[in-house]
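Colleague: This is the structure I want to talk about, given as structure tokens.
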Amino acid sequence: MDIVERIKSELSSSPVVLFMKGTPDFPQCGFSAQTVAALRACGADFKHVNIFEEPELREGLKRYSNWPTYPQLYINGELVGGCDIALEMYRSGDLKRLLDEAHAAA
Amino acid sequence: MTTERLARLRAALEQELAPTRLDITDESAAHAGHAGAREGGHFRVSLVSAAFRGRPQIERHRMVYAAVAPLLHGDVHALNIRAFTPEEVT
């Protein structure tokens, strides 16, 4: 499967997908850990992809999304942002609202 | 070395985004020891620029990343970004 198809298939597999370093229980980067904490605080179900296990995806997604770092949070297939944006949206309540809408529609 | 890194980061942001305020904090020490920290520094960047007007946060962050693209994976491993328009800080 070509990498763009692979990315699209990951994004369509769940309304909320987090591409991160490590796993939710064993994050290997502070930014990934904080993003997981924000999602969990919102009670969100989310799928994760550990980009350390997927070197090709890791590079391909950066080009696909025009976003050079991880974590990358996607809701309904759209890039929401990285850690800073996710945390800012968590504080404002926008993250929970967006997640609740995504789960309600799923 | 850290001072030079900071200077390059500052110069790149000033050249591309003409910020009216630019604060950079080097937080590399807090991340020393994990794998990525060997590749480059962690910086906290807070900037005010008219270039951000009318753009959502995700676009502002893309603009910051684009400005520092030549430094990513060299001098810079990770950025915390806070991007404001002049109106948002007055």
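Naming scheme: A, B, ... for chains in displayed order of the structure tokens; residues 1 onward per chain; ligands 1 onward as shown.
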Write out as a count of residues only every residue belonging to chain B that has an atom at most 7 Å from any atom of chain A, counting only C-alpha atoms.
Modeller: 4
Colleague: Give me the residues within 12 Å of A:Lys96 as a PyMOL selection string, counting only C-alpha atoms and dropping any in the same chain fewer than 5 places off.
Modeller: chain A and resi 16+38-45+75+86-91+101-104
Colleague: Step one, run DSSP on the backbone; step two, keep only residues of chain B assigned to alpha helix (DSSP H); then write them as a PyMOL selection string.
Modeller: chain B and resi 2-17+28-31+57-67
Colleague: Pick out the residues sitting within 9 Å of A:Met20, and hand them over as a PyMOL selection string; count only C-alpha atoms, and ignore anything fewer than 3 positions along from it in its own chain.
Modeller: chain A and resi 23-24+27-29+31-33+35-36+48-52+70-73
Colleague: Which value, in Å to one decimal, gives the distance between atom CA of B:Leu17 and atom CA of B:Val48?
Modeller: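 Interatomic distance here is 9.0 Å.
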Colleague: Could you please write out, as a list in words, every residue of stretch 8-86 of chain A that DSSP assigns to strand (DSSP E)?
Modeller: Val16, Val17, Leu18, Phe19, Met20, Lys47, His48, Val49, Asn50, Gln72, Leu73, Tyr74, Ile75, Glu78, Leu79, Val80 and Gly81 of chain A
Colleague: Please produce an output containing C-alpha atoms for each residue in the selection, written as a tab-separated table (two decimals), in the first residue's frame.
Modeller:
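Written file, selection25.tsv:
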chain	number	residue	atom	x	y	z
A	16	VAL	CA	-9.80	10.40	16.74
A	17	VAL	CA	-6.27	9.33	15.85
A	18	LEU	CA	-3.10	10.37	17.64
A	19	PHE	CA	0.24	9.83	15.96
A	20	MET	CA	2.68	9.88	18.83
A	47	LYS	CA	-6.62	5.31	18.32
A	48	HIS	CA	-2.87	5.79	18.57
A	49	VAL	CA	-0.04	5.06	16.16
A	50	ASN	CA	3.47	4.80	17.58
A	72	GLN	CA	-0.15	15.02	15.57
A	73	LEU	CA	-3.79	14.86	16.60
A	74	TYR	CA	-6.47	14.16	13.98
A	75	ILE	CA	-10.21	14.44	14.51
A	78	GLU	CA	-8.38	16.58	9.90
A	79	LEU	CA	-5.16	17.67	11.59
A	80	VAL	CA	-6.10	19.60	14.72
A	81	GLY	CA	-2.52	20.34	15.68
Colleague: Could you give me, as a list in words, the residues within 10 Å of stretch 3-6 of chain B, counting only C-alpha atoms and dropping anything in the same chain fewer than 6 positions from it?
Modeller: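 Neighbouring residues, sequence-local ones excluded: Ala12, Ile24, Thr25, Asp26, Gly40, Gly41, Phe43, Leu71, Gly74, Asp75 and Val76 of chain B.
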Colleague: Using atom CA of B:Thr85 and atom CA of B:Leu9 as the two end points, give the distance in Å to one decimal.
Modeller: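 Separation of atom CA of B:Thr85 and atom CA of B:Leu9: 19.9 Å.
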Colleague: In Å, rounded to a single decimal, give me how far atom CA of A:Ser14 is from atom CA of A:Leu95.
Modeller: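 Result for atom CA of A:Leu95 versus atom CA of A:Ser14: 16.5 Å, one decimal.
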